[in-house]
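This is start05.csv. It holds CSV, C-alpha atoms.
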```csv
chain,number,residue,atom,x,y,z
A,3,MET,CA,-10.5,22.9,33.6
A,4,SER,CA,-11.6,20.3,36.1
A,5,ASP,CA,-9.3,17.6,37.4
A,6,ARG,CA,-11.2,15.0,35.4
A,7,ARG,CA,-10.8,16.8,32.2
A,8,ARG,CA,-7.1,17.5,32.8
A,9,LEU,CA,-6.6,13.7,33.4
A,10,ALA,CA,-8.5,12.9,30.2
A,11,ALA,CA,-6.2,15.2,28.3
A,12,LEU,CA,-3.1,13.7,29.9
A,13,LEU,CA,-4.2,10.1,29.4
A,14,PRO,CA,-3.2,9.8,25.7
A,15,ALA,CA,0.3,11.1,26.5
A,16,ILE,CA,0.7,8.6,29.3
A,17,VAL,CA,-0.5,5.7,27.1
A,18,ALA,CA,1.8,6.8,24.2
A,19,ALA,CA,4.8,7.1,26.7
A,20,ALA,CA,4.1,3.6,28.0
A,21,VAL,CA,3.9,2.2,24.4
A,22,LEU,CA,7.2,3.9,23.6
A,23,ALA,CA,8.9,2.5,26.7
A,24,VAL,CA,7.7,-1.1,25.9
A,25,ILE,CA,8.9,-0.9,22.2
A,26,VAL,CA,12.3,0.7,23.1
A,27,ARG,CA,12.9,-2.0,25.8
A,28,ALA,CA,12.0,-4.7,23.3
A,29,VAL,CA,14.3,-3.3,20.6
A,30,TRP,CA,17.2,-2.9,23.2
A,31,SER,CA,16.8,-6.5,24.3
A,32,LEU,CA,17.3,-7.9,20.8
A,33,PRO,CA,20.8,-9.2,19.9
A,34,PRO,CA,22.6,-6.5,17.8
A,35,GLU,CA,23.4,-9.1,15.1
A,36,ALA,CA,21.1,-11.7,13.8
A,37,GLU,CA,21.1,-13.7,10.6
A,38,GLY,CA,17.3,-13.8,10.4
A,39,LEU,CA,16.2,-15.8,7.4
A,40,SER,CA,18.6,-14.5,4.8
A,41,VAL,CA,20.4,-17.8,4.4
A,42,ALA,CA,17.3,-19.9,4.2
A,43,VAL,CA,15.8,-17.5,1.6
A,44,SER,CA,19.0,-17.5,-0.4
A,45,ARG,CA,18.8,-21.2,-0.7
A,46,VAL,CA,15.3,-21.2,-2.1
A,47,ALA,CA,16.1,-18.3,-4.4
A,48,ALA,CA,18.9,-20.3,-5.9
A,49,GLU,CA,16.5,-23.2,-6.5
A,50,SER,CA,13.8,-21.2,-8.1
A,51,GLY,CA,16.0,-19.2,-10.5
A,52,ILE,CA,14.7,-15.8,-9.2
A,53,ASP,CA,17.6,-13.8,-7.9
A,54,ASN,CA,15.6,-11.0,-6.2
A,55,LYS,CA,15.1,-12.4,-2.7
A,56,ILE,CA,12.2,-10.1,-1.9
A,57,THR,CA,10.3,-11.3,-4.9
A,58,VAL,CA,10.9,-14.9,-3.9
A,59,VAL,CA,9.6,-14.2,-0.4
A,60,LEU,CA,6.6,-12.3,-1.7
A,61,LEU,CA,5.4,-14.7,-4.3
A,62,ASP,CA,6.8,-18.0,-3.3
A,63,LEU,CA,7.6,-18.4,0.3
A,64,ARG,CA,4.9,-16.1,1.7
A,65,GLY,CA,2.6,-16.3,-1.3
A,66,TYR,CA,-0.4,-16.6,1.0
A,67,ASP,CA,0.4,-13.1,2.5
A,68,THR,CA,0.6,-11.6,-0.9
A,69,LEU,CA,-2.6,-13.3,-2.2
A,70,LEU,CA,-4.5,-11.9,0.8
A,71,GLU,CA,-2.9,-8.5,0.5
A,72,VAL,CA,-4.1,-8.2,-3.1
A,73,ALA,CA,-7.5,-9.4,-1.9
A,74,VAL,CA,-7.5,-6.6,0.7
A,75,LEU,CA,-6.6,-4.0,-1.9
A,76,MET,CA,-9.4,-5.2,-4.2
A,77,LEU,CA,-11.9,-5.3,-1.4
A,78,ALA,CA,-10.9,-1.7,-0.4
A,79,THR,CA,-11.3,-0.6,-4.0
A,80,VAL,CA,-14.7,-2.2,-4.3
A,81,ALA,CA,-15.8,-0.5,-1.0
A,82,VAL,CA,-14.5,2.9,-2.1
A,83,LEU,CA,-16.1,2.5,-5.5
A,84,SER,CA,-19.5,1.8,-3.8
A,85,LEU,CA,-19.1,4.6,-1.4
A,86,ARG,CA,-18.4,7.3,-4.0
A,87,GLU,CA,-21.0,10.0,-4.5
A,88,ASP,CA,-20.4,10.8,-8.1
A,89,ARG,CA,-20.9,7.5,-10.0
A,90,ASP,CA,-19.4,8.8,-13.2
A,91,ALA,CA,-16.3,10.4,-11.7
A,92,LEU,CA,-14.1,7.6,-12.9
A,93,TYR,CA,-15.4,7.6,-16.5
A,94,ARG,CA,-16.3,11.2,-17.3
A,95,ARG,CA,-14.4,12.8,-20.1
A,96,ILE,CA,-12.8,16.0,-18.9
A,97,SER,CA,-13.5,18.6,-21.5
A,98,GLU,CA,-11.1,21.3,-20.3
A,99,ARG,CA,-7.6,20.9,-21.5
A,100,ALA,CA,-4.7,21.4,-19.1
A,101,ALA,CA,-2.3,24.3,-19.3
A,102,PRO,CA,0.2,23.8,-22.2
A,103,VAL,CA,3.2,23.2,-19.9
A,104,LEU,CA,1.3,20.5,-17.9
A,105,ALA,CA,0.0,19.0,-21.2
A,106,ALA,CA,3.5,18.8,-22.6
A,107,LEU,CA,4.9,17.3,-19.4
A,108,THR,CA,2.1,14.7,-19.4
A,109,ARG,CA,2.9,13.7,-23.0
A,110,LEU,CA,6.5,13.2,-22.0
A,111,LEU,CA,5.9,11.6,-18.6
A,112,VAL,CA,3.2,9.1,-19.3
A,113,PRO,CA,5.0,7.0,-22.0
A,114,LEU,CA,8.1,7.2,-19.8
A,115,ALA,CA,6.1,5.9,-16.8
A,116,LEU,CA,4.8,3.0,-18.9
A,117,VAL,CA,8.3,2.0,-19.9
A,118,VAL,CA,9.5,2.3,-16.3
A,119,ALA,CA,6.5,0.1,-15.2
A,120,VAL,CA,7.3,-2.6,-17.7
A,121,HIS,CA,11.0,-2.4,-16.8
A,122,LEU,CA,10.2,-2.7,-13.0
A,123,VAL,CA,8.1,-5.9,-13.6
A,124,TRP,CA,10.7,-7.4,-15.7
A,125,VAL,CA,13.7,-6.7,-13.5
A,126,GLY,CA,11.7,-7.7,-10.5
A,127,ALA,CA,13.1,-11.2,-10.9
A,128,VAL,CA,16.7,-10.2,-10.4
A,129,ARG,CA,16.9,-6.7,-9.0
A,130,PRO,CA,14.7,-4.4,-6.8
A,131,GLY,CA,11.4,-4.0,-8.5
A,132,GLY,CA,8.2,-6.1,-8.9
A,133,ALA,CA,4.5,-5.9,-9.3
A,134,PHE,CA,3.8,-3.4,-6.5
A,135,GLN,CA,6.4,-0.8,-7.5
A,136,ALA,CA,5.4,-1.2,-11.2
A,137,GLY,CA,1.7,-0.9,-10.2
A,138,ALA,CA,2.4,2.3,-8.3
A,139,VAL,CA,4.1,3.8,-11.4
A,140,LEU,CA,1.3,2.7,-13.6
A,141,GLY,CA,-1.3,4.2,-11.2
A,142,ALA,CA,0.6,7.4,-11.1
A,143,ALA,CA,0.6,7.6,-14.9
A,144,GLY,CA,-3.2,7.1,-15.0
A,145,ILE,CA,-3.8,9.7,-12.3
A,146,LEU,CA,-1.6,12.2,-14.1
A,147,LEU,CA,-3.5,11.6,-17.4
A,148,ALA,CA,-6.8,12.1,-15.6
A,149,LEU,CA,-5.7,15.2,-13.8
A,150,SER,CA,-4.3,16.9,-16.9
A,151,GLY,CA,-7.6,16.3,-18.7
A,152,TYR,CA,-6.6,13.9,-21.4
A,153,ALA,CA,-9.6,12.1,-22.7
A,154,ARG,CA,-9.4,8.4,-22.0
A,155,PRO,CA,-9.5,6.2,-25.1
A,156,GLN,CA,-12.9,5.0,-26.1
A,157,TRP,CA,-12.3,1.4,-25.1
A,158,VAL,CA,-11.4,2.2,-21.6
A,159,GLY,CA,-14.9,2.1,-20.1
A,160,ARG,CA,-16.5,0.4,-17.2
A,161,GLY,CA,-15.9,-3.1,-18.5
A,162,ALA,CA,-12.2,-2.6,-19.3
A,163,MET,CA,-11.6,-0.9,-15.9
A,164,ARG,CA,-13.3,-3.6,-13.9
A,165,SER,CA,-11.6,-6.4,-15.9
A,166,ALA,CA,-8.2,-4.8,-15.2
A,167,LEU,CA,-9.1,-4.5,-11.5
A,168,ALA,CA,-10.1,-8.2,-11.2
A,169,VAL,CA,-7.6,-9.9,-13.5
A,170,GLY,CA,-4.7,-9.9,-11.1
A,171,LEU,CA,-6.4,-11.4,-8.1
A,172,LEU,CA,-8.3,-13.9,-10.2
A,173,THR,CA,-5.2,-15.1,-12.0
A,174,PHE,CA,-3.3,-15.3,-8.8
A,175,LEU,CA,-6.1,-17.3,-7.2
A,176,GLY,CA,-6.5,-19.5,-10.3
A,177,ILE,CA,-2.8,-20.4,-10.4
A,178,ALA,CA,-2.8,-20.9,-6.6
A,179,MET,CA,-5.6,-23.4,-6.8
A,180,LEU,CA,-4.3,-25.1,-10.0
A,181,SER,CA,-1.6,-26.6,-7.8
A,182,ILE,CA,-4.3,-28.3,-5.7
A,183,VAL,CA,-5.8,-29.8,-8.8
A,184,ALA,CA,-2.3,-31.0,-9.7
A,185,GLY,CA,-2.1,-32.7,-6.4
A,186,GLY,CA,0.0,-30.2,-4.4
A,187,GLU,CA,-0.7,-27.7,-1.7
A,188,LEU,CA,-2.3,-24.3,-2.2
A,189,LEU,CA,0.2,-21.9,-3.9
A,190,GLU,CA,2.7,-24.6,-4.5
A,191,TYR,CA,4.1,-23.9,-8.0
A,192,PRO,CA,5.2,-26.8,-10.2
A,193,GLU,CA,9.0,-26.9,-10.1
A,194,GLN,CA,9.7,-26.5,-13.8
A,195,SER,CA,7.3,-23.6,-14.5
A,196,ARG,CA,7.8,-21.7,-11.2
A,197,LYS,CA,9.6,-18.7,-12.8
A,198,THR,CA,7.1,-18.4,-15.6
A,199,LEU,CA,4.1,-18.6,-13.4
A,200,ILE,CA,5.5,-15.9,-11.0
A,201,LEU,CA,6.2,-13.6,-13.9
A,202,VAL,CA,2.6,-14.1,-15.3
A,203,ILE,CA,1.2,-13.3,-11.8
A,204,GLU,CA,3.5,-10.3,-11.5
A,205,VAL,CA,2.5,-8.8,-14.9
A,206,LEU,CA,-1.3,-9.1,-14.3
A,207,LEU,CA,-1.0,-8.0,-10.7
A,208,THR,CA,0.8,-4.8,-12.0
A,209,LEU,CA,-2.2,-4.1,-14.2
A,210,SER,CA,-4.7,-4.7,-11.3
A,211,ILE,CA,-2.7,-2.6,-8.8
A,212,GLY,CA,-2.4,0.3,-11.2
A,213,ALA,CA,-6.1,0.2,-12.0
A,214,SER,CA,-7.0,0.0,-8.4
A,215,LEU,CA,-4.8,2.9,-7.4
A,216,VAL,CA,-6.4,5.0,-10.2
A,217,SER,CA,-9.9,4.0,-9.1
A,218,LEU,CA,-9.1,4.8,-5.4
A,219,PHE,CA,-7.9,8.2,-6.4
A,220,LEU,CA,-10.4,9.2,-9.0
A,221,SER,CA,-13.5,8.0,-7.1
A,222,SER,CA,-12.9,10.7,-4.5
A,223,ALA,CA,-13.9,13.3,-7.1
A,224,SER,CA,-17.3,14.6,-6.4
A,225,GLU,CA,-18.3,17.8,-8.1
A,226,GLY,CA,-18.1,17.4,-11.8
A,227,PRO,CA,-15.2,18.0,-14.2
A,228,LYS,CA,-13.8,21.2,-12.5
A,229,GLU,CA,-13.4,19.4,-9.2
A,230,ALA,CA,-12.3,16.1,-10.7
A,231,GLY,CA,-8.7,16.6,-9.8
A,232,ARG,CA,-9.1,17.7,-6.2
B,28,MET,CA,24.6,3.8,18.3
B,29,ASN,CA,24.5,2.0,14.9
B,30,PRO,CA,21.7,2.2,12.3
B,31,ALA,CA,20.4,-1.2,13.3
B,32,THR,CA,19.3,0.4,16.7
B,33,LEU,CA,18.7,4.0,15.5
B,34,TYR,CA,16.0,3.1,13.0
B,35,PRO,CA,14.0,0.8,15.3
B,36,LEU,CA,14.1,3.5,18.0
B,37,ALA,CA,13.0,6.2,15.6
B,38,GLY,CA,10.2,3.8,14.5
B,39,ALA,CA,9.2,3.3,18.1
B,40,PHE,CA,9.0,7.1,18.5
B,41,LEU,CA,6.8,7.4,15.3
B,42,PHE,CA,4.6,4.6,16.6
B,43,ALA,CA,4.1,6.3,20.0
B,44,THR,CA,3.4,9.6,18.2
B,45,GLY,CA,0.7,7.8,16.2
B,46,VAL,CA,-0.8,6.2,19.3
B,47,TYR,CA,-1.0,9.7,20.9
B,48,GLY,CA,-2.6,11.2,17.9
B,49,LEU,CA,-5.1,8.5,17.6
B,50,LEU,CA,-6.2,9.0,21.2
B,51,ALA,CA,-5.8,12.7,21.6
B,52,ARG,CA,-7.0,14.1,18.2
B,53,LYS,CA,-10.7,14.4,17.6
B,54,HIS,CA,-10.7,15.3,13.9
B,55,LEU,CA,-11.2,12.2,11.8
B,56,LEU,CA,-8.5,13.2,9.3
B,57,HIS,CA,-6.1,13.6,12.1
B,58,LYS,CA,-6.9,10.1,13.3
B,59,VAL,CA,-6.2,8.7,9.8
B,60,ILE,CA,-2.9,10.5,9.6
B,61,SER,CA,-2.1,9.2,13.1
B,62,GLY,CA,-2.9,5.7,11.9
B,63,ASN,CA,-0.4,6.2,9.1
B,64,PHE,CA,2.2,7.4,11.6
B,65,LEU,CA,1.6,4.3,13.5
B,66,GLY,CA,2.1,2.0,10.5
B,67,SER,CA,5.2,3.9,9.3
B,68,GLY,CA,6.7,3.3,12.8
B,69,VAL,CA,6.1,-0.4,12.4
B,70,PHE,CA,7.8,-0.4,9.0
B,71,LEU,CA,10.8,1.6,10.3
B,72,VAL,CA,11.2,-0.9,13.1
B,73,LEU,CA,11.1,-3.9,10.8
B,74,ILE,CA,13.4,-2.4,8.2
B,75,GLY,CA,15.9,-1.4,10.9
B,76,LEU,CA,15.9,-4.9,12.3
B,77,ALA,CA,16.3,-6.4,8.9
B,78,GLY,CA,19.7,-4.6,8.7
B,79,ARG,CA,21.1,-6.6,11.6
B,80,SER,CA,22.0,-9.4,9.3
B,81,SER,CA,25.7,-9.6,8.5
B,82,ALA,CA,25.1,-11.3,5.2
B,83,GLU,CA,25.8,-9.3,2.0
B,84,SER,CA,22.2,-8.1,1.9
B,85,PRO,CA,19.6,-7.3,4.6
B,86,ASP,CA,17.1,-10.0,5.7
B,87,PRO,CA,14.5,-10.1,2.9
B,88,VAL,CA,11.6,-11.4,5.0
B,89,PRO,CA,11.0,-8.2,7.0
B,90,GLN,CA,11.4,-6.2,3.7
B,91,ALA,CA,8.7,-8.3,2.0
B,92,MET,CA,6.5,-7.9,5.1
B,93,VAL,CA,6.9,-4.1,4.9
B,94,LEU,CA,6.1,-4.1,1.2
B,95,THR,CA,2.9,-6.0,2.0
B,96,GLY,CA,2.1,-3.6,4.8
B,97,ILE,CA,2.5,-0.6,2.6
B,98,VAL,CA,-0.1,-1.9,0.2
B,99,VAL,CA,-2.5,-2.7,3.0
B,100,THR,CA,-1.9,0.8,4.4
B,101,VAL,CA,-2.8,2.4,1.1
B,102,ALA,CA,-6.0,0.3,0.9
B,103,LEU,CA,-6.9,1.2,4.5
B,104,THR,CA,-6.2,4.9,4.1
B,105,ALA,CA,-8.2,5.1,0.9
B,106,LEU,CA,-11.2,3.3,2.5
B,107,ALA,CA,-11.0,5.4,5.7
B,108,LEU,CA,-10.9,8.6,3.6
B,109,ALA,CA,-13.9,7.5,1.5
B,110,LEU,CA,-15.8,6.7,4.7
B,111,ILE,CA,-15.0,10.0,6.3
B,112,LYS,CA,-16.1,11.8,3.1
B,113,ARG,CA,-19.4,10.0,3.1
B,114,TYR,CA,-19.9,10.6,6.8
B,115,HIS,CA,-19.2,14.3,6.3
B,116,THR,CA,-21.7,14.5,3.5
B,117,ALA,CA,-24.3,12.7,5.6
B,118,THR,CA,-23.8,14.5,8.9
B,119,GLY,CA,-21.8,17.6,8.2
B,120,LEU,CA,-19.4,16.5,11.0
B,121,THR,CA,-15.7,16.0,11.0
B,122,THR,CA,-15.6,14.3,14.4
B,123,PHE,CA,-17.6,11.5,16.0
B,124,ASP,CA,-19.0,13.8,18.7
B,125,PRO,CA,-20.9,17.1,18.0
B,126,VAL,CA,-19.5,18.4,21.3
B,127,ASP,CA,-15.9,18.0,20.0
B,128,GLU,CA,-17.0,19.6,16.8
B,129,GLU,CA,-17.7,22.9,18.5
B,130,GLN,CA,-14.3,22.9,20.3
B,131,LEU,CA,-12.3,22.5,17.1
```
Serialized structure, structure tokens:
Amino acid sequence: MSDRRRLAALLPAIVAAAVLAVIVRAVWSLPPEAEGLSVAVSRVAAESGIDNKITVVLLDLRGYDTLLEVAVLMLATVAVLSLREDRDALYRRISERAAPVLAALTRLLVPLALVVAVHLVWVGAVRPGGAFQAGAVLGAAGILLALSGYARPQWVGRGAMRSALAVGLLTFLGIAMLSIVAGGELLEYPEQSRKTLILVIEVLLTLSIGASLVSLFLSSASEGPKEAGR
Amino acid sequence: MNPATLYPLAGAFLFATGVYGLLARKHLLHKVISGNFLGSGVFLVLIGLAGRSSAESPDPVPQAMVLTGIVVTVALTALALALIKRYHTATGLTTFDPVDEEQL
């Protein structure tokens, strides 16, 4: 191995060590105790009637972040869907049934997952939970259904899937812009309906996030029903 | 050493590991995994620092930022994997450079 090559092999390690040193130094130099923004957030949480401070930050104080984040997720889903090689992978009925144990487990787990998802959205206002956690559970249920070969219901076709994908972002955008029409700023919820609007956004976001996770996962299938789960 | 410094330090180590992997590994899947390491390092630093608050619960702002970050990471990873898969179908390669391909 020439000197040049040896240096090239060492370079990543040197860069990584330098990065590590900088971050460690930055972390050490921070004060060991800091209030951060807890107090400020608690005040707003008390005003809005939503006790879960993380939900308040996500959908009220930093609503712009969350709106763009959902847009990123939708964009990625659209990109992945247009990159997929097997156009029907998402919609094909898998004819082979799963092994009995998996089938029984799926019948047990999917309704449970749906209940958990609804519960997570609902308690998102007061306890840990919210649209993203619920969406993840919903997505997992959908993937489990697809993997274990349950035929999707007839009405879940392209149109239903795409509507589910878009509805969260569109509603969020609509409500965000409605406040401009009403004379406020973007994403400024009217005081009296703040809690209701946040709940509506959360529920529809859950649906969209679930649909997008299922789409992301299933559009990677490429070789017909047998390979659909890989 | 309390958790408020232990977690950020572990996060820094994860981040540096990710940087190393991103630069040193040639296989595209390894690069995606390294990118995930990197992101997890950032999350760990943020969550660790959120715990410095002496209020009854940790600072919610870094937590919300991490939650946002996780979703973006999922989107990014899925897109990267789809691109790699398409690239592999088109070229038969798993790295950017055919020379590296032979060395793997």
Just want the 7 Å neighbourhood of Leu71 of chain B, counted on all atoms listed in the file, with same-chain residues fewer than 5 positions away dropped. Output as a short mmCIF file (atom, residue, chain, number, x, y, z; two decimals) with C-alpha atoms, in the coordinates of the input.
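Saved file selection-v6.cif follows:
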```
data_model
loop_
_atom_site.label_atom_id
_atom_site.label_comp_id
_atom_site.auth_asym_id
_atom_site.auth_seq_id
_atom_site.Cartn_x
_atom_site.Cartn_y
_atom_site.Cartn_z
CA TYR B 34 16.00 3.10 13.00
CA PRO B 35 14.00 0.80 15.30
CA GLY B 38 10.20 3.80 14.50
#
```
Define the interface residues of chain B facing chain A as those within 6 Å, counting only C-alpha atoms, and report them as a list in words.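 Result: Ala39, Ala43, Val46, Tyr47, Leu50, Ala51, Arg79, Ser80, Asp86, Pro87, Ala91, Ala102, Leu106 and Ala109 of chain B.
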I need the residue nearest Tyr66 of chain A from this list: B:Thr95, B:Asn29, B:Gln90, B:Thr116. Use all atoms listed in the file for the distance.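 Closest to Tyr66 of chain A of all the choices is B:Thr95.
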Could you check how far atom CA of Tyr191 of chain A sits from atom CA of Glu49 of chain A, in Å to one decimal?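 Pair atom CA of Tyr191 of chain A / atom CA of Glu49 of chain A returns 12.5 Å.
Distances from A:Ser50, A:Gly65, A:Val103, A:Arg164 to Ile177 of chain A were compared using only C-alpha atoms, and the smallest one belongs to A:Gly65.
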